[in-house]
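J.: What follows is query-v4.txt, made up of compact mmCIF, C-alpha atoms and all ligand atoms:
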```txt
# COMPACT_ATOMS: atom_id res chain seq x y z
CA MET A 1 -30.62 -29.47 32.96
CA ASN A 2 -29.87 -29.69 36.70
CA ASP A 3 -29.67 -26.20 38.11
CA THR A 4 -27.67 -27.64 40.98
CA THR A 5 -24.04 -28.03 40.03
CA VAL A 6 -21.54 -30.64 41.16
CA ALA A 7 -19.80 -28.00 43.32
CA GLU A 8 -23.09 -27.09 45.01
CA VAL A 9 -24.11 -30.66 45.81
CA ALA A 10 -20.59 -31.34 47.13
CA ALA A 11 -20.75 -28.19 49.27
CA SER A 12 -24.12 -29.25 50.73
CA PHE A 13 -22.67 -32.68 51.49
CA ARG A 14 -19.77 -31.07 53.34
CA GLU A 15 -22.16 -28.92 55.36
CA LEU A 16 -24.25 -31.95 56.33
CA TYR A 17 -21.56 -34.48 57.06
CA GLY A 18 -18.51 -32.37 57.92
CA ALA A 19 -16.22 -33.44 55.07
CA GLY A 20 -16.40 -33.40 51.27
CA PRO A 21 -17.81 -36.43 49.35
CA GLN A 22 -15.62 -39.05 47.69
CA GLY A 23 -17.53 -38.49 44.46
CA VAL A 24 -20.63 -37.14 42.72
CA TRP A 25 -22.81 -39.20 40.37
CA ALA A 26 -25.83 -38.52 38.12
CA ALA A 27 -28.70 -40.70 36.85
CA PRO A 28 -31.50 -39.45 34.59
CA GLY A 29 -35.27 -39.74 34.48
CA ARG A 30 -36.80 -41.09 31.27
CA VAL A 31 -39.71 -40.97 28.90
CA ASN A 32 -40.85 -44.05 27.05
CA LEU A 33 -41.36 -43.55 23.31
CA ILE A 34 -43.42 -46.71 22.80
CA GLY A 35 -44.14 -50.05 24.52
CA GLU A 36 -46.19 -49.42 27.68
CA TYR A 37 -47.15 -52.08 30.26
CA THR A 38 -45.11 -54.47 28.14
CA ASP A 39 -41.96 -54.91 30.25
CA PHE A 40 -43.54 -57.12 32.93
CA ASN A 41 -44.98 -59.21 30.09
CA GLU A 42 -41.38 -59.83 28.94
CA GLY A 43 -42.07 -57.69 25.90
CA PHE A 44 -40.39 -54.69 24.32
CA VAL A 45 -39.93 -51.05 25.33
CA MET A 46 -38.18 -48.03 23.84
CA PRO A 47 -37.29 -45.35 26.40
CA LEU A 48 -34.92 -42.41 26.17
CA ALA A 49 -33.13 -40.66 29.02
CA LEU A 50 -34.03 -37.07 29.88
CA PRO A 51 -31.50 -34.33 30.55
CA HIS A 52 -33.02 -34.10 34.04
CA THR A 53 -30.99 -36.10 36.55
CA ALA A 54 -30.79 -37.11 40.17
CA LEU A 55 -27.40 -36.18 41.65
CA ALA A 56 -25.76 -38.01 44.54
CA ALA A 57 -22.74 -36.92 46.55
CA VAL A 58 -21.51 -39.99 48.40
CA SER A 59 -18.75 -41.25 50.71
CA ARG A 60 -18.32 -44.77 52.00
CA ARG A 61 -18.33 -45.71 55.68
CA THR A 62 -16.96 -48.77 57.41
CA ASP A 63 -19.06 -48.69 60.59
CA GLY A 64 -22.36 -50.10 59.24
CA VAL A 65 -24.11 -46.73 59.32
CA LEU A 66 -26.13 -45.42 56.36
CA ARG A 67 -26.95 -41.71 56.42
CA LEU A 68 -29.35 -40.35 53.81
CA HIS A 69 -30.42 -36.82 53.01
CA SER A 70 -32.40 -35.24 50.17
CA ALA A 71 -32.17 -31.54 49.42
CA ASP A 72 -35.68 -31.77 48.00
CA ILE A 73 -37.42 -33.11 51.12
CA GLN A 74 -37.96 -31.13 54.28
CA GLY A 75 -36.44 -33.10 57.11
CA PRO A 76 -33.34 -34.23 58.90
CA VAL A 77 -30.72 -36.76 57.85
CA VAL A 78 -32.16 -40.29 58.01
CA GLU A 79 -29.80 -42.62 59.85
CA LEU A 80 -30.09 -46.39 59.47
CA ARG A 81 -27.90 -49.44 60.11
CA VAL A 82 -27.13 -51.49 57.00
CA ASP A 83 -27.50 -54.79 58.88
CA GLU A 84 -30.95 -53.81 60.14
CA LEU A 85 -32.51 -52.88 56.79
CA GLU A 86 -35.89 -54.61 56.48
CA PRO A 87 -37.98 -54.76 53.28
CA ARG A 88 -41.22 -52.77 53.46
CA SER A 89 -40.28 -51.16 56.75
CA GLY A 90 -41.42 -47.75 55.54
CA SER A 91 -39.02 -44.77 55.94
CA GLY A 92 -40.68 -42.80 53.09
CA TRP A 93 -38.43 -41.46 50.35
CA ALA A 94 -35.35 -42.92 52.08
CA ALA A 95 -36.61 -46.42 51.23
CA TYR A 96 -35.45 -45.93 47.63
CA PRO A 97 -31.72 -45.43 48.34
CA ALA A 98 -31.85 -47.68 51.45
CA GLY A 99 -33.45 -50.39 49.31
CA VAL A 100 -30.48 -50.27 46.95
CA VAL A 101 -28.07 -50.83 49.85
CA TRP A 102 -30.27 -53.72 50.99
CA ALA A 103 -30.38 -55.23 47.46
CA LEU A 104 -26.59 -54.98 47.07
CA ARG A 105 -26.03 -56.66 50.43
CA ALA A 106 -28.67 -59.31 49.68
CA ALA A 107 -26.73 -60.08 46.49
CA GLY A 108 -23.61 -60.67 48.59
CA HIS A 109 -21.81 -57.35 48.15
CA ALA A 110 -20.15 -56.13 51.34
CA VAL A 111 -21.47 -52.58 51.50
CA THR A 112 -20.55 -51.39 55.00
CA GLY A 113 -22.27 -48.01 55.05
CA ALA A 114 -22.35 -44.65 53.31
CA ASP A 115 -23.12 -40.98 53.67
CA ILE A 116 -25.42 -39.92 50.84
CA HIS A 117 -26.78 -36.52 49.87
CA LEU A 118 -29.25 -36.43 46.97
CA THR A 119 -30.95 -33.79 44.88
CA SER A 120 -33.00 -34.31 41.76
CA ALA A 121 -34.28 -32.31 38.81
CA VAL A 122 -36.58 -35.15 37.74
CA PRO A 123 -40.18 -34.13 38.55
CA THR A 124 -41.60 -36.64 41.05
CA GLY A 125 -44.74 -38.64 40.42
CA ALA A 126 -44.96 -37.31 36.84
CA GLY A 127 -44.37 -40.66 35.16
CA LEU A 128 -40.77 -39.66 34.44
CA SER A 129 -39.15 -42.20 36.81
CA SER A 130 -37.74 -40.01 39.53
CA SER A 131 -37.70 -43.13 41.70
CA ALA A 132 -35.51 -45.09 39.28
CA ALA A 133 -33.15 -42.11 38.96
CA LEU A 134 -32.73 -42.08 42.73
CA GLU A 135 -32.10 -45.84 42.89
CA VAL A 136 -29.72 -45.98 39.96
CA VAL A 137 -27.61 -43.02 41.08
CA THR A 138 -27.25 -44.66 44.50
CA ALA A 139 -26.38 -48.04 42.98
CA LEU A 140 -23.75 -46.59 40.66
CA ALA A 141 -22.11 -44.53 43.41
CA LEU A 142 -21.86 -47.57 45.70
CA ARG A 143 -20.57 -49.77 42.89
CA ASP A 144 -17.76 -47.31 42.19
CA LEU A 145 -16.88 -46.60 45.83
CA TYR A 146 -16.91 -50.29 46.78
CA GLU A 147 -15.36 -51.36 43.45
CA LEU A 148 -18.10 -53.93 42.88
CA PRO A 149 -17.88 -56.04 39.70
CA LEU A 150 -21.32 -55.03 38.39
CA THR A 151 -22.40 -53.93 34.91
CA MET A 152 -24.89 -51.12 34.35
CA ALA A 153 -27.55 -53.71 33.46
CA GLN A 154 -26.85 -55.58 36.70
CA LEU A 155 -27.15 -52.32 38.65
CA ALA A 156 -30.52 -51.74 36.99
CA ALA A 157 -31.70 -55.20 38.03
CA LEU A 158 -30.61 -54.58 41.64
CA ALA A 159 -32.37 -51.20 41.60
CA GLN A 160 -35.55 -52.87 40.36
CA ARG A 161 -35.26 -55.45 43.13
CA ALA A 162 -34.93 -52.60 45.64
CA GLU A 163 -38.14 -51.01 44.34
CA ASN A 164 -40.05 -54.33 44.08
CA GLU A 165 -39.06 -55.95 47.34
CA PHE A 166 -37.81 -53.20 49.65
CA VAL A 167 -40.09 -50.29 48.70
CA GLY A 168 -42.89 -52.65 47.64
CA VAL A 169 -43.72 -51.26 44.17
CA PRO A 170 -44.18 -54.02 41.55
CA CYS A 171 -42.53 -52.15 38.61
CA GLY A 172 -40.97 -53.83 35.58
CA ILE A 173 -37.34 -53.50 34.44
CA MET A 174 -37.75 -50.58 32.02
CA ASP A 175 -37.28 -47.55 34.27
CA GLN A 176 -34.08 -48.64 35.96
CA THR A 177 -32.58 -49.96 32.72
CA ALA A 178 -33.38 -46.69 30.96
CA SER A 179 -31.74 -44.64 33.70
CA ALA A 180 -28.69 -46.89 33.79
CA CYS A 181 -28.18 -47.77 30.12
CA CYS A 182 -29.55 -45.05 27.81
CA THR A 183 -27.05 -43.09 25.73
CA GLU A 184 -27.10 -39.56 24.37
CA GLY A 185 -28.86 -39.14 21.01
CA HIS A 186 -30.49 -42.60 21.13
CA VAL A 187 -33.58 -44.47 22.17
CA LEU A 188 -32.99 -47.79 23.91
CA HIS A 189 -34.67 -50.78 22.29
CA LEU A 190 -34.93 -53.21 25.17
CA ASP A 191 -36.11 -56.80 25.12
CA ALA A 192 -37.46 -57.24 28.65
CA ARG A 193 -37.18 -61.04 28.40
CA ASP A 194 -33.48 -61.56 27.72
CA LEU A 195 -32.51 -57.90 28.41
CA THR A 196 -30.89 -57.52 24.98
CA ARG A 197 -30.35 -53.82 24.30
CA HIS A 198 -29.97 -51.88 21.08
CA GLN A 199 -29.20 -48.18 20.96
CA ILE A 200 -31.12 -46.69 18.04
CA PRO A 201 -30.06 -43.21 16.80
CA PHE A 202 -32.81 -40.69 17.51
CA ASP A 203 -31.67 -37.38 16.07
CA LEU A 204 -34.89 -35.40 15.86
CA PRO A 205 -33.42 -31.95 15.06
CA ALA A 206 -31.66 -33.42 12.00
CA GLN A 207 -35.14 -34.22 10.65
CA GLY A 208 -36.66 -30.91 11.72
CA LEU A 209 -38.60 -32.66 14.49
CA ARG A 210 -39.07 -32.23 18.20
CA LEU A 211 -40.39 -34.42 21.04
CA LEU A 212 -42.31 -32.50 23.66
CA VAL A 213 -43.02 -33.76 27.18
CA VAL A 214 -46.28 -32.53 28.66
CA ASP A 215 -46.54 -33.07 32.40
CA THR A 216 -50.23 -32.75 33.27
CA ARG A 217 -49.29 -32.22 36.95
CA VAL A 218 -52.16 -34.44 37.99
CA LYS A 219 -51.86 -37.86 39.62
CA HIS A 220 -55.03 -39.81 40.26
CA ALA A 221 -54.99 -42.02 43.35
CA LEU A 222 -56.50 -44.86 41.31
CA GLY A 223 -53.06 -45.53 39.77
CA ASP A 224 -51.46 -47.67 42.47
CA GLY A 225 -53.96 -50.53 42.67
CA ALA A 226 -54.67 -50.32 38.95
CA TYR A 227 -51.11 -51.22 38.00
CA ALA A 228 -51.21 -54.42 40.04
CA GLN A 229 -54.67 -55.20 38.67
CA ARG A 230 -53.50 -54.81 35.03
CA ARG A 231 -50.54 -57.00 35.84
CA ALA A 232 -52.75 -59.69 37.30
CA GLY A 233 -55.05 -59.51 34.25
CA CYS A 234 -52.11 -59.98 31.90
CA GLU A 235 -50.87 -62.96 33.92
CA GLN A 236 -54.34 -64.49 33.79
CA GLY A 237 -54.38 -64.02 30.02
CA ALA A 238 -51.02 -65.78 29.65
CA ARG A 239 -52.22 -68.65 31.86
CA GLU A 240 -55.41 -69.14 29.87
CA LEU A 241 -53.47 -69.09 26.62
CA GLY A 242 -50.92 -71.56 27.95
CA VAL A 243 -47.91 -69.31 27.33
CA ARG A 244 -45.19 -68.17 29.72
CA THR A 245 -46.03 -64.48 29.22
CA LEU A 246 -47.97 -62.38 26.69
CA ARG A 247 -44.66 -61.81 24.93
CA ASP A 248 -45.20 -65.25 23.45
CA VAL A 249 -48.32 -64.16 21.54
CA SER A 250 -47.52 -62.60 18.17
CA ALA A 251 -49.67 -60.03 16.38
CA ALA A 252 -50.56 -62.70 13.81
CA GLN A 253 -51.79 -65.03 16.57
CA LEU A 254 -53.84 -62.31 18.27
CA PRO A 255 -57.27 -62.99 16.71
CA ASP A 256 -57.14 -66.70 17.66
CA ALA A 257 -55.82 -65.85 21.11
CA LEU A 258 -58.62 -63.37 21.76
CA ALA A 259 -61.21 -65.96 20.79
CA GLU A 260 -59.85 -68.32 23.46
CA LEU A 261 -60.18 -65.89 26.37
CA SER A 262 -63.17 -65.97 28.67
CA SER A 263 -63.10 -62.51 30.23
CA PRO A 264 -63.74 -59.39 28.10
CA THR A 265 -61.42 -57.39 30.38
CA VAL A 266 -58.54 -59.82 29.99
CA ARG A 267 -59.20 -59.88 26.24
CA ASP A 268 -58.75 -56.09 26.14
CA TYR A 269 -55.53 -56.23 28.17
CA VAL A 270 -54.11 -58.93 25.90
CA ARG A 271 -55.02 -56.89 22.82
CA HIS A 272 -53.13 -53.92 24.25
CA VAL A 273 -49.97 -55.81 25.19
CA VAL A 274 -49.68 -57.80 21.97
CA SER A 275 -50.40 -54.76 19.80
CA ASP A 276 -48.01 -52.50 21.73
CA ASN A 277 -45.19 -55.04 21.34
CA GLU A 278 -45.91 -54.95 17.62
CA ARG A 279 -45.85 -51.13 17.68
CA VAL A 280 -42.37 -51.20 19.23
CA ALA A 281 -41.21 -53.37 16.33
CA ARG A 282 -42.85 -51.03 13.86
CA VAL A 283 -41.21 -47.95 15.41
CA ALA A 284 -37.82 -49.69 15.42
CA ALA A 285 -38.22 -50.41 11.69
CA LEU A 286 -39.28 -46.84 10.95
CA LEU A 287 -36.32 -45.40 12.84
CA ALA A 288 -33.94 -47.79 11.07
CA ALA A 289 -35.38 -46.62 7.74
CA GLY A 290 -34.96 -42.98 8.77
CA ASP A 291 -38.70 -42.31 8.55
CA VAL A 292 -39.11 -40.65 11.93
CA ARG A 293 -42.19 -38.61 10.95
CA ALA A 294 -44.11 -41.83 10.40
CA VAL A 295 -43.60 -42.69 14.09
CA GLY A 296 -46.18 -40.03 14.99
CA PRO A 297 -49.35 -41.96 14.08
CA VAL A 298 -48.00 -45.08 15.80
CA LEU A 299 -47.77 -43.10 19.03
CA THR A 300 -51.38 -41.94 18.71
CA GLU A 301 -52.49 -45.49 17.96
CA GLY A 302 -50.65 -46.63 21.11
CA HIS A 303 -52.49 -44.01 23.13
CA ALA A 304 -55.87 -45.22 21.88
CA SER A 305 -54.92 -48.73 22.98
CA LEU A 306 -53.88 -47.55 26.47
CA ARG A 307 -57.08 -45.51 26.73
CA ASP A 308 -59.61 -47.98 25.35
CA ASP A 309 -58.13 -51.44 25.96
CA LEU A 310 -55.88 -51.13 29.00
CA ARG A 311 -57.89 -48.17 30.36
CA VAL A 312 -54.99 -46.48 32.17
CA SER A 313 -55.37 -43.01 30.65
CA CYS A 314 -57.39 -40.15 32.14
CA ALA A 315 -59.20 -37.05 30.95
CA GLU A 316 -56.13 -34.81 31.26
CA LEU A 317 -53.89 -37.15 29.25
CA ASP A 318 -56.59 -37.60 26.59
CA LEU A 319 -56.90 -33.82 26.43
CA VAL A 320 -53.16 -33.49 25.74
CA VAL A 321 -53.24 -36.08 22.97
CA ASP A 322 -56.42 -34.82 21.30
CA THR A 323 -55.38 -31.17 21.51
CA ALA A 324 -51.84 -31.77 20.26
CA VAL A 325 -52.95 -33.84 17.28
CA ALA A 326 -55.72 -31.36 16.40
CA ALA A 327 -53.15 -28.53 16.55
CA GLY A 328 -50.89 -30.23 14.02
CA ALA A 329 -48.65 -32.63 15.97
CA LEU A 330 -47.54 -35.79 14.15
CA GLY A 331 -48.65 -37.95 17.05
CA ALA A 332 -48.92 -38.13 20.83
CA ARG A 333 -49.49 -40.57 23.65
CA MET A 334 -49.37 -40.91 27.40
CA THR A 335 -46.05 -42.25 28.71
CA GLY A 336 -45.39 -44.20 31.91
CA GLY A 337 -48.02 -45.73 34.14
CA GLY A 338 -50.87 -43.32 33.33
CA PHE A 339 -53.72 -42.02 35.53
CA GLY A 340 -52.04 -38.64 35.24
CA GLY A 341 -48.37 -37.91 34.81
CA SER A 342 -46.95 -37.08 31.41
CA ALA A 343 -47.62 -37.42 27.70
CA ILE A 344 -45.20 -37.08 24.79
CA VAL A 345 -45.90 -35.22 21.57
CA LEU A 346 -43.93 -35.68 18.33
CA LEU A 347 -44.08 -32.65 16.06
CA ASP A 348 -42.46 -30.69 13.28
CA GLU A 349 -40.34 -27.89 14.70
CA PRO A 350 -42.60 -25.10 13.35
CA ALA A 351 -45.58 -26.69 15.14
CA LEU A 352 -43.89 -26.33 18.54
CA GLY A 353 -45.30 -22.84 19.18
CA PRO A 354 -48.88 -23.47 18.02
CA VAL A 355 -49.14 -26.87 19.74
CA SER A 356 -47.74 -25.50 23.02
CA LYS A 357 -50.18 -22.61 22.87
CA ALA A 358 -53.11 -24.92 22.10
CA LEU A 359 -52.21 -27.15 25.06
CA THR A 360 -51.91 -24.27 27.48
CA SER A 361 -55.23 -22.79 26.42
CA ALA A 362 -57.03 -26.17 26.41
CA PHE A 363 -55.96 -26.69 30.04
CA GLU A 364 -57.04 -23.20 30.92
CA HIS A 365 -60.46 -23.76 29.35
CA ALA A 366 -60.85 -27.00 31.26
CA ASP A 367 -60.05 -25.18 34.52
CA LEU A 368 -56.87 -27.18 34.99
CA ALA A 369 -53.52 -25.94 36.29
CA ALA A 370 -51.12 -25.13 33.46
CA PRO A 371 -49.22 -28.21 32.23
CA ARG A 372 -45.43 -28.22 32.39
CA LEU A 373 -43.94 -28.42 28.89
CA PHE A 374 -40.34 -29.22 28.02
CA GLU A 375 -38.41 -30.81 25.20
CA ALA A 376 -37.21 -34.40 25.51
CA VAL A 377 -33.60 -34.32 24.36
CA PRO A 378 -32.26 -37.91 24.33
CA SER A 379 -29.55 -37.75 26.96
CA ALA A 380 -26.89 -39.88 28.64
CA GLY A 381 -27.58 -42.59 31.19
CA ALA A 382 -26.08 -42.76 34.69
CA ARG A 383 -22.48 -41.63 35.07
CA ARG A 384 -19.85 -40.38 37.49
CA LEU A 385 -19.43 -36.60 37.40
CA ALA A 386 -16.63 -36.05 39.91
P1 LIG A 401 -41.97 -41.47 39.51
O1 LIG A 401 -40.90 -42.47 39.60
O2 LIG A 401 -42.85 -41.65 38.31
O3 LIG A 401 -41.49 -40.06 39.62
P2 LIG A 401 -42.78 -42.73 41.94
O4 LIG A 401 -44.02 -42.64 42.76
O5 LIG A 401 -42.36 -44.05 41.44
O6 LIG A 401 -42.95 -41.67 40.76
O7 LIG A 401 -41.57 -42.15 42.79
C1 LIG A 401 -41.64 -40.91 43.42
C2 LIG A 401 -41.05 -41.01 44.81
O8 LIG A 401 -39.61 -41.10 44.71
C3 LIG A 401 -41.29 -39.78 45.66
O9 LIG A 401 -42.53 -39.86 46.32
C4 LIG A 401 -40.13 -39.86 46.66
O10 LIG A 401 -40.40 -40.79 47.68
C5 LIG A 401 -39.01 -40.42 45.79
N1 LIG A 401 -38.20 -39.32 45.25
C6 LIG A 401 -38.08 -38.94 43.96
N2 LIG A 401 -37.25 -37.87 43.84
C7 LIG A 401 -36.83 -37.58 45.09
C8 LIG A 401 -35.95 -36.61 45.65
N3 LIG A 401 -35.36 -35.69 44.88
N4 LIG A 401 -35.74 -36.62 46.97
C9 LIG A 401 -36.35 -37.53 47.76
N5 LIG A 401 -37.17 -38.46 47.30
C10 LIG A 401 -37.43 -38.51 45.99
MG MG A 402 -41.22 -44.57 39.77
```
Go ahead and express the file in the form of structure tokens.
T.:
Amino acid sequence: MNDTTVAEVAASFRELYGAGPQGVWAAPGRVNLIGEYTDFNEGFVMPLALPHTALAAVSRRTDGVLRLHSADIQGPVVELRVDELEPRSGSGWAAYPAGVVWALRAAGHAVTGADIHLTSAVPTGAGLSSSAALEVVTALALRDLYELPLTMAQLAALAQRAENEFVGVPCGIMDQTASACCTEGHVLHLDARDLTRHQIPFDLPAQGLRLLVVDTRVKHALGDGAYAQRRAGCEQGARELGVRTLRDVSAAQLPDALAELSSPTVRDYVRHVVSDNERVARVAALLAAGDVRAVGPVLTEGHASLRDDLRVSCAELDLVVDTAVAAGALGARMTGGGFGGSAIVLLDEPALGPVSKALTSAFEHADLAAPRLFEAVPSAGARRLA
């Protein structure tokens, strides 16, 4: 899916830094099938990796210098010193890879510098985790070059720490784990409490099905503060219920739990988290039983919960879901943090044309820029390419 090849990214590295890289690595973006705003509640998620990846050409250095360049950003090489990296010190896009170096060093790994050239085919800010792809590709490259004894799951945790503490974005563990640990042809069933992972076969074409990603190409500014606010609301709910996290409330306990909560807003958030955890379990059971078509309505139900209870959807995402379902899709929902970004649509293969057409014309009628549509083919997680 990357138009840029390994040879091209290596050639750009050579041009920038004067010698070829010691290796080239890839890490994908992701979409989440079901389980949204559940990871930081120690609940369940079910992402799949996209064919779109971030590529990194990297060499190690021994002089404490970290040089960073992105082919996708106008600007010169960013040069930093590894022993001067400070959390939340800014530096724009470079904070993502620099944060990974910081997190590795903070965990006691002697990373003494690197030259890094990045390029990514993951759309940025579209809810497809371009940031996690950037972090994970950097983490994997440094692990290999410095021969660090770290598993993919440990790399994901370090990448999350980089984003939380160095960049300053309070994301959960899903995005980095998806980029690091997904496998081709599967969705990843992740327990965000103990980080247990199960790869569940997700062969849509075998069932005559397709999963469409619809990038609305809008991002509402509201999103940043809203995430932290939802998080705080969930934590308040857990506190009032006397549980460690909302993961500890089962669907059967939900009615009693709701009756105990004082704030209507918190009640709505709790209803979303508990019900979405239950939807992940339901989807896992449907996939295990081979009934993939029945996943569709569960997705649409999840969207209604994100829209009405958690209130993180927006008009454009609702338009995608309503239009797709009306045009014959099996189900649809927003994916990722919301307030814009992308939705996913599950459909029978013959519905691909009509649904795509309906979406394009609905956006046109609403005076919106055309959405970007592409198929989500469950792809491999991070790996070394050369
Ligand atoms: P998402 O992860 O959903 O795409 P984020 O806001 O979390 O959105 O991350 C997007 C940010 O990641 C960009 O603003 C930029 O700083 C960084 N980023 C992503 N891809 C690239 C790239 N190819 N080159 C440089 N920076 C990138
Ligand atoms: Mg991100």
J.: Considering all atoms listed in the file, state which residue in the set A:Arg282, A:Arg143, A:His198, A:Arg30 is at the smallest distance from ligand MG 402 (chain A).
T.: A:Arg30
J.: Kindly provide, as number ranges by chain, all nucleotide and amino acid residues lying within 10 Å of ligand MG 402 (chain A), counting all atoms listed in the file.
T.: A: 29, 96, 124-135, 163, 169, 171, 175-176, 336-337
J.: With 9 Å as the threshold, what does the neighbourhood of (-31.3, -54.9, 33.0) contain in terms of residues, counting all atoms listed in the file? Coordinates are those of the file; answer as a PDB file with C-alpha atoms, in the frame of the given file.
T.:
```
ATOM      1  CA  MET A 152     -24.890 -51.120  34.350  1.00  0.00           C
ATOM      2  CA  ALA A 153     -27.550 -53.710  33.460  1.00  0.00           C
ATOM      3  CA  GLN A 154     -26.850 -55.580  36.700  1.00  0.00           C
ATOM      4  CA  LEU A 155     -27.150 -52.320  38.650  1.00  0.00           C
ATOM      5  CA  ALA A 156     -30.520 -51.740  36.990  1.00  0.00           C
ATOM      6  CA  ALA A 157     -31.700 -55.200  38.030  1.00  0.00           C
ATOM      7  CA  LEU A 158     -30.610 -54.580  41.640  1.00  0.00           C
ATOM      8  CA  GLN A 160     -35.550 -52.870  40.360  1.00  0.00           C
ATOM      9  CA  ILE A 173     -37.340 -53.500  34.440  1.00  0.00           C
ATOM     10  CA  MET A 174     -37.750 -50.580  32.020  1.00  0.00           C
ATOM     11  CA  GLN A 176     -34.080 -48.640  35.960  1.00  0.00           C
ATOM     12  CA  THR A 177     -32.580 -49.960  32.720  1.00  0.00           C
ATOM     13  CA  ALA A 178     -33.380 -46.690  30.960  1.00  0.00           C
ATOM     14  CA  ALA A 180     -28.690 -46.890  33.790  1.00  0.00           C
ATOM     15  CA  CYS A 181     -28.180 -47.770  30.120  1.00  0.00           C
ATOM     16  CA  LEU A 190     -34.930 -53.210  25.170  1.00  0.00           C
ATOM     17  CA  ALA A 192     -37.460 -57.240  28.650  1.00  0.00           C
ATOM     18  CA  ASP A 194     -33.480 -61.560  27.720  1.00  0.00           C
ATOM     19  CA  LEU A 195     -32.510 -57.900  28.410  1.00  0.00           C
ATOM     20  CA  THR A 196     -30.890 -57.520  24.980  1.00  0.00           C
ATOM     21  CA  ARG A 197     -30.350 -53.820  24.300  1.00  0.00           C
TER      22      ARG A 197
END
```
J.: Have a look at atom CA of A:Glu36 and atom C3 of ligand LIG 401 (chain A) and let me know their distance in Å, one decimal.
T.: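 Interatomic distance, atom CA of A:Glu36 to atom C3 of ligand LIG 401 (chain A): 21.0 Å.
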J.: Have a look at atom CA of A:Leu33 and atom CA of A:Thr335 and let me know their distance in Å, one decimal.
T.: 7.3 Å
J.: When distances are computed from only C-alpha atoms and all ligand atoms, which of A:Ser313, A:Gln236, A:Gln253, A:Ser70 shows the smallest separation from ligand LIG 401 (chain A)?
T.: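 Looking at the shortest contact to ligand LIG 401 (chain A), the residue is A:Ser70.
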J.: Please provide as an MDAnalysis selection string all residues within 10 Å of A:Ala71, with the sequence filter that same-chain residues fewer than 4 positions apart are discarded (counting all atoms listed in the file).
T.: chainID A and resid 9 12:13 75:76 117:120
J.: Could you write those residues out with C-alpha atoms, as a short mmCIF file (atom, residue, chain, number, x, y, z; two decimals), in the coordinates of the input?
T.:
```cif
data_model
loop_
_atom_site.label_atom_id
_atom_site.label_comp_id
_atom_site.auth_asym_id
_atom_site.auth_seq_id
_atom_site.Cartn_x
_atom_site.Cartn_y
_atom_site.Cartn_z
CA VAL A 9 -24.11 -30.66 45.81
CA SER A 12 -24.12 -29.25 50.73
CA PHE A 13 -22.67 -32.68 51.49
CA GLY A 75 -36.44 -33.10 57.11
CA PRO A 76 -33.34 -34.23 58.90
CA HIS A 117 -26.78 -36.52 49.87
CA LEU A 118 -29.25 -36.43 46.97
CA THR A 119 -30.95 -33.79 44.88
CA SER A 120 -33.00 -34.31 41.76
#
```
J.: What does the distance from atom CA of A:Gln74 to atom CA of A:Asp144 come to in Å, to one decimal?
T.: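 Going from atom CA of A:Gln74 over to atom CA of A:Asp144 covers 28.6 Å.
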J.: Find the residue from A:Thr62, A:Arg333, A:Leu150, A:Ser262 that sits nearest to A:Val312; use only C-alpha atoms when measuring.
T.: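 Closest to A:Val312 of all the choices is A:Arg333.
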J.: Can you tell me, as a PyMOL selection string, which residues sit within 10 Å of (-45.1, -40.7, 13.1) in the file's frame, using only C-alpha atoms?
T.: chain A and resi 283+286-287+291-300+329-332+346-347
J.: Of the candidates A:Gly233, A:Pro47, A:Pro378, A:Pro21, which one gets nearest to A:Val280 if we count all atoms listed in the file?
T.: A:Pro47
J.: Pick out the closest residue to A:Arg244 from this set: A:Glu42, A:Ala26, A:Ala10, A:Asp256. Count all atoms listed in the file.
T.: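 With all atoms listed in the file as the atom set, the closest residue is A:Glu42.
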